[in-house]
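S.K.: Got a structure for you, model-v2.txt, holding compact mmCIF, C-alpha atoms.
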# COMPACT_ATOMS: atom_id res chain seq x y z
CA MET A 1 118.61 125.17 114.48
CA THR A 2 118.78 126.19 110.82
CA PRO A 3 116.04 128.26 109.12
CA SER A 4 115.23 125.34 106.79
CA VAL A 5 114.54 123.09 109.78
CA ASN A 6 112.34 125.75 111.34
CA HIS A 7 110.46 126.11 108.06
CA GLN A 8 109.92 122.36 107.80
CA GLU A 9 108.66 122.16 111.40
CA HIS A 10 106.33 125.08 110.77
CA ARG A 11 104.93 123.41 107.64
CA ALA A 12 104.46 120.12 109.52
CA ALA A 13 102.69 121.90 112.38
CA SER A 14 100.48 123.77 109.94
CA GLY A 15 99.60 120.52 108.21
CA ARG A 16 98.63 118.91 111.50
CA ALA A 17 96.56 121.96 112.38
CA ARG A 18 94.71 121.80 109.06
CA VAL A 19 93.96 118.11 109.57
CA ALA A 20 92.81 118.65 113.14
CA GLY A 21 90.65 121.57 112.07
CA ALA A 22 89.00 119.73 109.21
CA ILE A 23 86.26 118.14 111.31
CA PRO A 24 82.85 119.08 109.89
CA ALA A 25 80.26 119.98 112.51
CA GLY A 26 78.10 116.99 113.34
CA SER A 27 80.62 114.36 112.23
CA GLY A 28 79.60 112.25 115.21
CA ALA A 29 76.48 111.38 113.20
CA VAL A 30 78.69 108.99 111.18
CA VAL A 31 79.12 106.95 114.36
CA MET A 32 75.46 107.37 115.33
CA GLY A 33 74.18 106.16 111.98
CA SER A 34 76.62 103.29 111.55
CA GLY A 35 76.15 102.07 115.13
CA THR A 36 72.36 102.14 114.87
CA VAL A 37 72.31 100.24 111.57
CA SER A 38 74.69 97.70 113.13
CA ILE A 39 72.18 97.14 115.95
CA ASP A 40 69.37 96.68 113.41
CA LEU A 41 71.33 94.13 111.42
CA GLU A 42 72.22 92.23 114.58
CA MET A 43 68.52 92.02 115.46
CA THR A 44 67.77 90.50 112.04
CA GLY A 45 70.56 87.92 112.37
CA GLN A 46 72.85 89.52 109.77
CA GLU A 47 76.02 88.99 111.81
CA LEU A 48 78.58 89.77 109.10
CA LEU A 49 76.93 92.98 107.91
CA SER A 50 76.39 94.00 111.52
CA LEU A 51 80.10 93.62 112.26
CA VAL A 52 81.03 95.57 109.11
CA THR A 53 78.86 98.52 110.09
CA LEU A 54 80.15 98.27 113.66
CA ALA A 55 83.72 98.43 112.35
CA VAL A 56 82.87 101.60 110.40
CA ALA A 57 81.33 103.13 113.53
CA ALA A 58 84.32 102.24 115.70
CA LEU A 59 86.84 103.48 113.11
CA ALA A 60 84.97 106.77 112.67
CA TRP A 61 84.74 107.22 116.44
CA ALA A 62 88.48 106.62 116.87
CA ILE A 63 89.45 109.00 114.05
CA LEU A 64 87.15 111.75 115.28
CA GLY A 65 88.42 111.24 118.83
CA VAL A 66 92.04 111.66 117.75
CA LEU A 67 91.28 114.75 115.67
CA ARG A 68 89.19 116.34 118.41
CA GLY A 69 91.90 115.52 120.95
CA ALA A 70 94.46 117.20 118.72
CA GLN A 71 92.29 120.31 118.61
CA VAL A 72 91.98 120.45 122.37
CA LEU A 73 95.71 119.90 122.92
CA ARG A 74 96.53 122.69 120.48
CA ARG A 75 93.92 124.88 122.22
CA ARG A 76 92.17 125.45 118.94
CA SER A 77 88.81 124.93 120.63
CA ARG A 78 87.70 124.61 124.22
CA PHE A 79 85.95 121.40 125.19
CA PRO A 80 82.64 122.87 126.47
CA THR A 81 82.16 124.99 123.37
CA ALA A 82 83.30 122.53 120.73
CA GLU A 83 82.02 123.22 117.25
CA GLY A 84 81.17 126.79 118.05
CA GLY A 85 78.67 125.89 120.74
CA GLY A 86 76.22 124.66 118.10
CA PRO A 87 73.95 121.68 118.69
CA SER A 88 75.90 119.51 116.22
CA GLY A 89 78.60 119.07 118.86
CA LEU A 90 76.19 116.85 120.79
CA SER A 91 76.55 114.23 118.07
CA ALA A 92 79.77 113.26 119.86
CA VAL A 93 77.72 112.30 122.92
CA ALA A 94 75.14 110.32 120.98
CA GLY A 95 77.78 108.63 118.82
CA THR A 96 79.75 107.52 121.88
CA ALA A 97 76.62 106.20 123.61
CA VAL A 98 75.34 104.38 120.51
CA LEU A 99 78.72 102.71 120.04
CA GLY A 100 78.69 101.77 123.73
CA THR A 101 75.23 100.24 123.36
CA ARG A 102 76.29 98.15 120.38
CA LEU A 103 79.40 96.89 122.18
CA THR A 104 77.31 96.07 125.25
CA LEU A 105 74.95 93.99 123.11
CA LEU A 106 78.04 92.29 121.67
CA GLY A 107 78.96 91.19 125.19
CA TRP A 108 81.62 93.81 125.90
CA ARG A 109 80.01 95.34 128.99
CA TRP A 110 83.31 96.81 130.15
CA ALA A 111 83.56 98.79 126.90
CA GLY A 112 79.94 99.89 127.22
CA ALA A 113 80.54 101.07 130.78
CA ALA A 114 83.67 102.98 129.79
CA LEU A 115 81.89 104.68 126.90
CA LEU A 116 78.97 105.52 129.20
CA VAL A 117 81.33 107.43 131.49
CA LEU A 118 82.88 109.23 128.53
CA ALA A 119 79.50 110.05 126.98
CA LEU A 120 78.24 111.38 130.31
CA LEU A 121 81.28 113.64 130.68
CA LEU A 122 80.83 114.94 127.14
CA TRP A 123 77.14 115.53 127.78
CA LEU A 124 77.81 117.45 130.98
CA GLY A 125 80.43 119.56 129.24
CA LEU A 126 78.30 120.39 126.20
CA LEU A 127 74.84 120.66 127.76
CA GLY A 128 75.41 123.99 129.50
CA PRO A 129 76.30 125.99 126.37
CA GLN A 130 73.30 124.53 124.53
CA LEU A 131 70.87 125.58 127.24
CA ARG A 132 72.43 129.03 127.56
CA HIS A 133 72.21 129.73 123.83
CA ARG A 134 68.46 129.40 123.45
CA VAL A 135 67.10 130.50 120.08
CA THR A 136 63.69 131.35 118.65
CA ALA A 137 63.90 129.20 115.52
CA THR A 138 65.60 125.81 115.57
CA VAL A 139 66.88 123.42 112.90
CA GLY A 140 66.99 119.65 112.70
CA ALA A 141 70.35 119.43 114.46
CA SER A 142 68.79 121.17 117.47
CA PHE A 143 67.00 117.90 118.29
CA LEU A 144 70.40 116.46 119.19
CA LEU A 145 69.76 118.04 122.58
CA SER A 146 67.10 115.37 123.07
CA VAL A 147 68.89 112.61 121.14
CA SER A 148 72.14 112.89 123.09
CA THR A 149 70.23 112.72 126.39
CA GLU A 150 68.12 109.74 125.32
CA SER A 151 71.22 107.92 124.08
CA LEU A 152 72.46 107.84 127.68
CA ALA A 153 69.16 106.26 128.77
CA VAL A 154 69.45 103.61 126.05
CA LEU A 155 72.98 102.67 127.12
CA LEU A 156 72.04 102.62 130.82
CA ALA A 157 69.13 100.30 130.03
CA ALA A 158 71.35 98.01 127.94
CA LEU A 159 73.92 97.77 130.73
CA GLY A 160 71.17 97.19 133.30
CA LEU A 161 69.62 94.39 131.25
CA THR A 162 72.83 92.54 130.38
CA GLY A 163 74.24 92.86 133.89
CA ARG A 164 70.91 92.66 135.77
CA VAL A 165 71.81 95.78 137.75
CA GLY A 166 68.71 97.27 139.32
CA TRP A 167 69.93 100.77 140.10
CA LEU A 168 70.67 101.37 136.42
CA VAL A 169 66.94 101.14 135.77
CA PHE A 170 66.29 104.10 138.04
CA ALA A 171 69.28 105.93 136.59
CA SER A 172 67.99 105.52 133.03
CA VAL A 173 64.65 107.14 133.92
CA VAL A 174 66.42 110.47 134.52
CA PRO A 175 67.85 111.02 131.01
CA LEU A 176 64.74 109.39 129.53
CA THR A 177 62.53 112.04 131.12
CA LEU A 178 64.94 114.88 130.42
CA GLY A 179 65.19 113.87 126.77
CA ILE A 180 61.42 114.09 126.33
CA VAL A 181 61.38 117.51 128.02
CA PHE A 182 64.17 118.70 125.72
CA TYR A 183 62.23 117.44 122.71
CA GLY A 184 59.25 119.54 123.71
CA PHE A 185 61.52 122.54 124.17
CA VAL A 186 62.98 122.17 120.67
CA ILE A 187 59.82 121.21 118.76
CA TRP A 188 58.04 124.30 120.08
CA ARG A 189 60.63 126.43 118.29
CA PHE A 190 61.25 124.19 115.28
CA ASP A 191 61.22 125.94 111.91
CA LEU A 192 59.00 123.69 109.77
CA HIS A 193 60.55 125.19 106.63
CA GLN A 194 63.60 123.06 107.48
CA LEU A 195 61.64 120.05 106.24
CA LEU A 196 62.07 121.45 102.74
CA VAL A 197 65.50 123.10 102.99
CA GLY A 198 67.33 121.00 105.59
CA ARG A 199 70.35 119.12 104.32
CA GLY A 200 69.55 115.85 106.10
CA ASP A 201 69.37 116.85 109.74
CA GLN A 202 65.62 117.58 109.46
CA TRP A 203 65.13 113.82 109.87
CA VAL A 204 66.25 114.09 113.49
CA ALA A 205 62.82 115.61 114.26
CA GLY A 206 61.44 112.08 113.94
CA GLY A 207 64.59 110.28 115.01
CA ALA A 208 64.58 112.01 118.40
CA LEU A 209 61.15 110.56 119.17
CA ALA A 210 62.26 107.17 117.86
CA ILE A 211 65.24 106.99 120.22
CA SER A 212 62.95 108.18 123.05
CA ALA A 213 60.68 105.23 122.27
CA LEU A 214 63.69 102.90 122.27
CA ALA A 215 64.93 104.26 125.61
CA CYS A 216 61.46 103.90 127.13
CA ALA A 217 60.97 100.35 125.83
CA GLY A 218 64.47 99.33 126.91
CA THR A 219 63.93 100.67 130.42
CA ALA A 220 60.53 98.94 130.56
CA GLN A 221 62.15 95.64 129.57
CA VAL A 222 64.77 95.88 132.32
CA ALA A 223 62.13 96.93 134.86
CA ASN A 224 60.01 93.92 133.92
CA THR A 225 62.96 91.53 134.06
CA LEU A 226 64.10 92.76 137.48
CA HIS A 227 60.55 93.34 138.83
CA LEU A 228 61.09 97.06 139.39
CA LEU A 229 58.93 100.15 138.78
CA GLY A 230 55.76 98.09 138.79
CA GLY A 231 57.15 95.79 136.16
CA GLY A 232 57.47 98.69 133.74
CA THR A 233 53.74 98.77 132.89
CA ALA A 234 53.57 102.57 132.64
CA LEU A 235 56.82 102.65 130.67
CA ARG A 236 55.45 100.16 128.14
CA GLY A 237 52.42 102.34 127.54
CA ALA A 238 54.58 105.45 127.21
CA SER A 239 56.90 103.69 124.76
CA LEU A 240 53.97 102.88 122.47
CA VAL A 241 52.80 106.51 122.55
CA LEU A 242 56.32 107.66 121.66
CA TRP A 243 56.56 105.10 118.85
CA VAL A 244 53.27 106.24 117.33
CA SER A 245 54.40 109.87 117.59
CA ALA A 246 57.67 109.02 115.85
CA ALA A 247 55.82 107.05 113.15
CA CYS A 248 53.68 110.12 112.38
CA TRP A 249 56.83 111.95 111.32
CA LEU A 250 57.91 109.26 108.85
CA PRO A 251 55.45 109.98 105.97
CA VAL A 252 56.04 113.72 106.41
CA LEU A 253 59.80 113.29 106.12
CA LEU A 254 59.50 110.98 103.12
CA VAL A 255 57.09 113.26 101.26
CA THR A 256 59.18 116.39 101.83
CA GLU A 257 62.23 114.55 100.51
CA LEU A 258 60.28 113.79 97.33
CA ILE A 259 58.96 117.35 97.02
CA SER A 260 62.36 118.91 97.59
CA PRO A 261 65.11 116.42 96.59
CA ARG A 262 68.53 117.08 98.09
CA GLY A 263 70.89 114.75 96.29
CA SER A 264 74.29 116.32 96.99
CA TYR A 265 76.40 114.86 99.79
CA GLY A 266 77.09 116.72 103.02
CA VAL A 267 77.99 115.46 106.48
CA ARG A 268 74.47 116.29 107.63
CA ARG A 269 73.22 113.41 105.46
CA TRP A 270 74.49 111.14 108.22
CA SER A 271 71.79 112.76 110.34
CA THR A 272 69.37 111.06 107.95
CA VAL A 273 71.01 107.65 108.34
CA PHE A 274 70.63 107.71 112.11
CA PRO A 275 66.84 108.35 112.24
CA VAL A 276 66.13 105.87 109.45
CA GLY A 277 68.06 103.21 111.36
CA MET A 278 66.52 104.27 114.66
CA TYR A 279 62.99 103.67 113.33
CA ALA A 280 63.93 100.01 112.93
CA ALA A 281 65.74 99.81 116.28
CA CYS A 282 62.85 101.26 118.29
CA SER A 283 60.36 99.08 116.40
CA PHE A 284 62.30 95.95 117.36
CA ALA A 285 62.18 97.05 121.00
CA ILE A 286 58.50 98.00 120.96
CA GLY A 287 57.47 94.87 119.09
CA SER A 288 59.35 92.65 121.53
CA THR A 289 58.36 94.46 124.73
CA LEU A 290 54.67 94.77 123.87
CA GLY A 291 54.38 91.55 121.89
CA LEU A 292 53.20 93.35 118.73
CA ALA A 293 54.21 91.21 115.75
CA PRO A 294 53.29 93.77 113.03
CA ILE A 295 55.69 96.32 114.53
CA SER A 296 58.44 93.69 114.67
CA GLN A 297 57.78 92.84 111.04
CA PHE A 298 58.03 96.50 110.09
CA ALA A 299 61.38 96.62 111.91
CA ARG A 300 62.76 93.69 109.91
CA ILE A 301 61.70 95.30 106.62
CA TRP A 302 62.82 98.79 107.57
CA THR A 303 66.25 97.50 108.60
CA TRP A 304 67.07 97.07 104.91
CA ALA A 305 65.94 100.61 104.20
CA GLY A 306 68.35 101.79 106.89
CA PHE A 307 71.17 99.68 105.51
CA ALA A 308 70.55 100.95 101.97
CA VAL A 309 70.63 104.59 103.09
CA TRP A 310 73.77 103.89 105.14
CA ALA A 311 75.53 102.29 102.14
CA VAL A 312 74.60 105.14 99.78
CA VAL A 313 75.73 107.86 102.18
CA LEU A 314 78.96 105.99 103.00
CA LEU A 315 79.81 105.62 99.31
CA ALA A 316 79.03 109.32 98.74
CA MET A 317 81.32 110.26 101.61
CA LEU A 318 84.16 108.10 100.31
CA TRP A 319 83.66 109.35 96.74
CA GLN A 320 83.76 113.02 97.70
CA PRO A 321 87.56 113.24 98.18
CA VAL A 322 88.07 111.63 94.76
CA THR A 323 85.76 114.18 93.16
CA LEU A 324 87.54 117.06 94.89
CA LEU A 325 90.95 115.82 93.76
CA ARG A 326 89.76 115.62 90.17
CA ALA A 327 88.24 119.08 90.38
CA GLY A 328 91.27 120.48 92.16
CA GLY A 329 89.06 122.63 94.36
CA LYS A 330 87.31 122.86 97.66
CA PRO A 331 83.93 121.39 98.53
CA ASN A 332 81.03 123.60 97.68
CA ALA A 333 79.02 122.62 100.73
CA PRO A 334 76.09 124.68 101.96
CA PRO A 335 76.77 126.66 105.12
CA LEU A 336 75.77 125.20 108.44
CA PRO A 337 73.07 127.02 110.38
CA ASP A 338 74.13 129.44 113.07
CA ARG A 339 72.54 129.73 116.50
CA SER A 340 69.70 131.78 115.11
CA GLY A 341 68.72 128.86 112.88
CA ARG A 342 69.76 130.64 109.65
CA ALA A 343 71.93 128.83 107.12
Would you mind writing the structure in this file as structure tokens?
M.R.:
Amino acid sequence: MTPSVNHQEHRAASGRARVAGAIPAGSGAVVMGSGTVSIDLEMTGQELLSLVTLAVAALAWAILGVLRGAQVLRRRSRFPTAEGGGPSGLSAVAGTAVLGTRLTLLGWRWAGAALLVLALLLWLGLLGPQLRHRVTATVGASFLLSVSTESLAVLLAALGLTGRVGWLVFASVVPLTLGIVFYGFVIWRFDLHQLLVGRGDQWVAGGALAISALACAGTAQVANTLHLLGGGTALRGASLVLWVSAACWLPVLLVTELISPRGSYGVRRWSTVFPVGMYAACSFAIGSTLGLAPISQFARIWTWAGFAVWAVVLLAMLWQPVTLLRAGGKPNAPPLPDRSGRA
């Protein structure tokens, strides 16, 4: 083999390595946010927009899966410690489960079941490092420990409801409970200063409670339909408590955004899209399960807030490469926090 051929192969391999290594931490939030907004739009009867956002979620999931697979095959990162062992790696779990939930609601139960297995394997692989690397101060992304766990409960409940499978109700209670415990673990150490300096992921402080409310309401609905767990009476009460707790975060998050505007794009802005969309999703579930029309009305209105935020962040993401090409430089993104919670 000639030296020129070797040089060309080396350049091609280096190019593939750069592409595979160019996955920002927390990129799974693109799937989380898009999938959640798709669910909201489906609930409001906006079929076309729902399918568009679903397509974005599925495309992002496939691209990230290929890139992450390339990293693993090249041994650039080990699976259990993906993304440096930071909490952002858990966005892959939540993204996979959210996409599975949306496909299940679309009628593709086989796809939802397959993604449940994959999400569970990812969760088992990534959970250990997160629990071992406990820190004193936490950031918004740290709540993905709770979100990823609750996302499994939401998907289990969706599969149980659409397939009328009783044992899935009991199975969903496990991650539902664990997710709430993890939330308490993280909120106890949460650095409130992140509300002013976080680059988007601070919204997950409220979003984690919102998805907990959704998981609880979804499990209650299945329990009531299948006449299990006392008809889900206790779960319905718990879901309302979780919804109120999540709602208390919303004015705080909105006010701190106004006090300290953060207009520049970064991948952590997708961690804003997900909670905003999740507030609508959990409100649809709570309003339907408890028969509370005002909460359902809020969900229909807030869906458009979620869609607007999704559209703005998507356009900013797509515009960023154009800006970088014009500037001829590298992105000047703020550093991600390390395990100590410092940026």
S.K.: Have a look at A:Ala299, A:Leu145, A:Val56, A:Leu229 and name the one nearest to A:Gly35; count all atoms listed in the file.
M.R.: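 The closest residue to A:Gly35 is A:Val56.
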S.K.: Would you pick out the contacts of A:Leu105 at 9 Å or less, using only C-alpha atoms, so that residues sharing its chain but fewer than 6 positions from it are not included, and give the list as a compact mmCIF listing (two decimals) with C-alpha atoms, keeping the file's coordinate frame?
M.R.:
# COMPACT_ATOMS: atom_id res chain seq x y z
CA ILE A 39 72.18 97.14 115.95
CA GLY A 112 79.94 99.89 127.22
CA ALA A 158 71.35 98.01 127.94
CA LEU A 159 73.92 97.77 130.73
CA THR A 162 72.83 92.54 130.38
S.K.: Around (55.8, 116.4, 123.5) in the file's frame, which residues reach within 12 Å when counting only C-alpha atoms? Return as a VMD selection string?
M.R.: chain A and resid 146 177 to 188 205 to 206 208 to 209 212 238 241 to 242 245 to 246
S.K.: For A:Leu131, which of A:Val165, A:Gly86, A:Glu47, A:Val252 is the closest residue, counting all atoms listed in the file?
M.R.: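 Among A:Val165, A:Gly86, A:Glu47, A:Val252, it is A:Gly86 that comes nearest to A:Leu131.
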S.K.: Which of these residues is nearest to A:Val255, using only C-alpha atoms: A:Ala171, A:Val52, A:Leu196, A:Leu155?
M.R.: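 Using only C-alpha atoms, A:Val255 sits closest to A:Leu196.
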S.K.: Can you measure atom CA of A:Gly95 to atom CA of A:Trp243 for me? One decimal in Å is fine.
M.R.: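 Going from atom CA of A:Gly95 over to atom CA of A:Trp243, I get 21.5 Å.
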S.K.: Would you mind completing stretch 122-154 of chain A to N, CA and C atoms and writing the output as a PDB file, in the frame of the given file?
M.R.:
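File result_9.pdb, as written:
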ATOM      1  N   LEU A 122      81.052 114.083 128.311  1.00  0.00           N
ATOM      2  CA  LEU A 122      80.830 114.940 127.140  1.00  0.00           C
ATOM      3  C   LEU A 122      79.491 115.668 127.240  1.00  0.00           C
ATOM      4  N   TRP A 123      78.477 114.943 127.660  1.00  0.00           N
ATOM      5  CA  TRP A 123      77.140 115.530 127.780  1.00  0.00           C
ATOM      6  C   TRP A 123      77.124 116.657 128.807  1.00  0.00           C
ATOM      7  N   LEU A 124      77.754 116.421 129.946  1.00  0.00           N
ATOM      8  CA  LEU A 124      77.810 117.450 130.980  1.00  0.00           C
ATOM      9  C   LEU A 124      78.579 118.676 130.512  1.00  0.00           C
ATOM     10  N   GLY A 125      79.623 118.444 129.722  1.00  0.00           N
ATOM     11  CA  GLY A 125      80.430 119.560 129.240  1.00  0.00           C
ATOM     12  C   GLY A 125      79.742 120.368 128.158  1.00  0.00           C
ATOM     13  N   LEU A 126      78.919 119.714 127.347  1.00  0.00           N
ATOM     14  CA  LEU A 126      78.300 120.390 126.200  1.00  0.00           C
ATOM     15  C   LEU A 126      76.876 120.868 126.474  1.00  0.00           C
ATOM     16  N   LEU A 127      76.243 120.322 127.507  1.00  0.00           N
ATOM     17  CA  LEU A 127      74.840 120.660 127.760  1.00  0.00           C
ATOM     18  C   LEU A 127      74.659 122.122 128.148  1.00  0.00           C
ATOM     19  N   GLY A 128      75.530 122.619 129.021  1.00  0.00           N
ATOM     20  CA  GLY A 128      75.410 123.990 129.500  1.00  0.00           C
ATOM     21  C   GLY A 128      75.359 125.031 128.396  1.00  0.00           C
ATOM     22  N   PRO A 129      76.335 125.008 127.472  1.00  0.00           N
ATOM     23  CA  PRO A 129      76.300 125.990 126.370  1.00  0.00           C
ATOM     24  C   PRO A 129      75.044 125.893 125.527  1.00  0.00           C
ATOM     25  N   GLN A 130      74.510 124.675 125.332  1.00  0.00           N
ATOM     26  CA  GLN A 130      73.300 124.530 124.530  1.00  0.00           C
ATOM     27  C   GLN A 130      72.094 125.182 125.212  1.00  0.00           C
ATOM     28  N   LEU A 131      71.996 125.013 126.510  1.00  0.00           N
ATOM     29  CA  LEU A 131      70.870 125.580 127.240  1.00  0.00           C
ATOM     30  C   LEU A 131      70.995 127.098 127.380  1.00  0.00           C
ATOM     31  N   ARG A 132      72.227 127.574 127.442  1.00  0.00           N
ATOM     32  CA  ARG A 132      72.430 129.030 127.560  1.00  0.00           C
ATOM     33  C   ARG A 132      72.120 129.743 126.252  1.00  0.00           C
ATOM     34  N   HIS A 133      72.411 129.091 125.121  1.00  0.00           N
ATOM     35  CA  HIS A 133      72.210 129.730 123.830  1.00  0.00           C
ATOM     36  C   HIS A 133      70.861 129.319 123.243  1.00  0.00           C
ATOM     37  N   ARG A 134      69.798 129.693 123.942  1.00  0.00           N
ATOM     38  CA  ARG A 134      68.460 129.400 123.450  1.00  0.00           C
ATOM     39  C   ARG A 134      68.135 130.301 122.260  1.00  0.00           C
ATOM     40  N   VAL A 135      67.433 129.744 121.280  1.00  0.00           N
ATOM     41  CA  VAL A 135      67.100 130.500 120.080  1.00  0.00           C
ATOM     42  C   VAL A 135      65.608 130.416 119.810  1.00  0.00           C
ATOM     43  N   THR A 136      65.112 131.333 118.985  1.00  0.00           N
ATOM     44  CA  THR A 136      63.690 131.350 118.650  1.00  0.00           C
ATOM     45  C   THR A 136      63.356 130.266 117.643  1.00  0.00           C
ATOM     46  N   ALA A 137      64.113 130.212 116.556  1.00  0.00           N
ATOM     47  CA  ALA A 137      63.900 129.200 115.520  1.00  0.00           C
ATOM     48  C   ALA A 137      64.996 128.142 115.624  1.00  0.00           C
ATOM     49  N   THR A 138      64.629 126.885 115.482  1.00  0.00           N
ATOM     50  CA  THR A 138      65.600 125.810 115.570  1.00  0.00           C
ATOM     51  C   THR A 138      65.619 125.006 114.281  1.00  0.00           C
ATOM     52  N   VAL A 139      66.708 124.264 114.079  1.00  0.00           N
ATOM     53  CA  VAL A 139      66.880 123.420 112.900  1.00  0.00           C
ATOM     54  C   VAL A 139      66.889 121.964 113.341  1.00  0.00           C
ATOM     55  N   GLY A 140      67.025 121.064 112.370  1.00  0.00           N
ATOM     56  CA  GLY A 140      66.990 119.650 112.700  1.00  0.00           C
ATOM     57  C   GLY A 140      68.055 119.234 113.696  1.00  0.00           C
ATOM     58  N   ALA A 141      69.263 119.789 113.553  1.00  0.00           N
ATOM     59  CA  ALA A 141      70.350 119.430 114.460  1.00  0.00           C
ATOM     60  C   ALA A 141      70.050 119.809 115.898  1.00  0.00           C
ATOM     61  N   SER A 142      69.136 120.750 116.107  1.00  0.00           N
ATOM     62  CA  SER A 142      68.790 121.170 117.470  1.00  0.00           C
ATOM     63  C   SER A 142      68.196 120.018 118.273  1.00  0.00           C
ATOM     64  N   PHE A 143      67.587 119.045 117.591  1.00  0.00           N
ATOM     65  CA  PHE A 143      67.000 117.900 118.290  1.00  0.00           C
ATOM     66  C   PHE A 143      68.061 116.991 118.889  1.00  0.00           C
ATOM     67  N   LEU A 144      69.329 117.242 118.568  1.00  0.00           N
ATOM     68  CA  LEU A 144      70.400 116.460 119.190  1.00  0.00           C
ATOM     69  C   LEU A 144      70.459 116.717 120.695  1.00  0.00           C
ATOM     70  N   LEU A 145      69.886 117.808 121.150  1.00  0.00           N
ATOM     71  CA  LEU A 145      69.760 118.040 122.580  1.00  0.00           C
ATOM     72  C   LEU A 145      68.981 116.909 123.235  1.00  0.00           C
ATOM     73  N   SER A 146      67.902 116.494 122.578  1.00  0.00           N
ATOM     74  CA  SER A 146      67.100 115.370 123.070  1.00  0.00           C
ATOM     75  C   SER A 146      67.770 114.034 122.769  1.00  0.00           C
ATOM     76  N   VAL A 147      68.288 113.883 121.551  1.00  0.00           N
ATOM     77  CA  VAL A 147      68.890 112.610 121.140  1.00  0.00           C
ATOM     78  C   VAL A 147      70.068 112.233 122.028  1.00  0.00           C
ATOM     79  N   SER A 148      70.956 113.180 122.287  1.00  0.00           N
ATOM     80  CA  SER A 148      72.140 112.890 123.090  1.00  0.00           C
ATOM     81  C   SER A 148      71.739 112.448 124.499  1.00  0.00           C
ATOM     82  N   THR A 149      70.696 113.069 125.048  1.00  0.00           N
ATOM     83  CA  THR A 149      70.230 112.720 126.390  1.00  0.00           C
ATOM     84  C   THR A 149      69.596 111.335 126.399  1.00  0.00           C
ATOM     85  N   GLU A 150      68.769 111.059 125.399  1.00  0.00           N
ATOM     86  CA  GLU A 150      68.120 109.740 125.320  1.00  0.00           C
ATOM     87  C   GLU A 150      69.127 108.630 125.060  1.00  0.00           C
ATOM     88  N   SER A 151      70.213 108.946 124.353  1.00  0.00           N
ATOM     89  CA  SER A 151      71.220 107.920 124.080  1.00  0.00           C
ATOM     90  C   SER A 151      71.851 107.407 125.367  1.00  0.00           C
ATOM     91  N   LEU A 152      71.952 108.271 126.372  1.00  0.00           N
ATOM     92  CA  LEU A 152      72.460 107.840 127.680  1.00  0.00           C
ATOM     93  C   LEU A 152      71.486 106.862 128.331  1.00  0.00           C
ATOM     94  N   ALA A 153      70.179 107.153 128.202  1.00  0.00           N
ATOM     95  CA  ALA A 153      69.160 106.260 128.770  1.00  0.00           C
ATOM     96  C   ALA A 153      69.194 104.892 128.099  1.00  0.00           C
ATOM     97  N   VAL A 154      69.388 104.878 126.784  1.00  0.00           N
ATOM     98  CA  VAL A 154      69.450 103.610 126.050  1.00  0.00           C
ATOM     99  C   VAL A 154      70.635 102.773 126.523  1.00  0.00           C
TER     100      VAL A 154
END
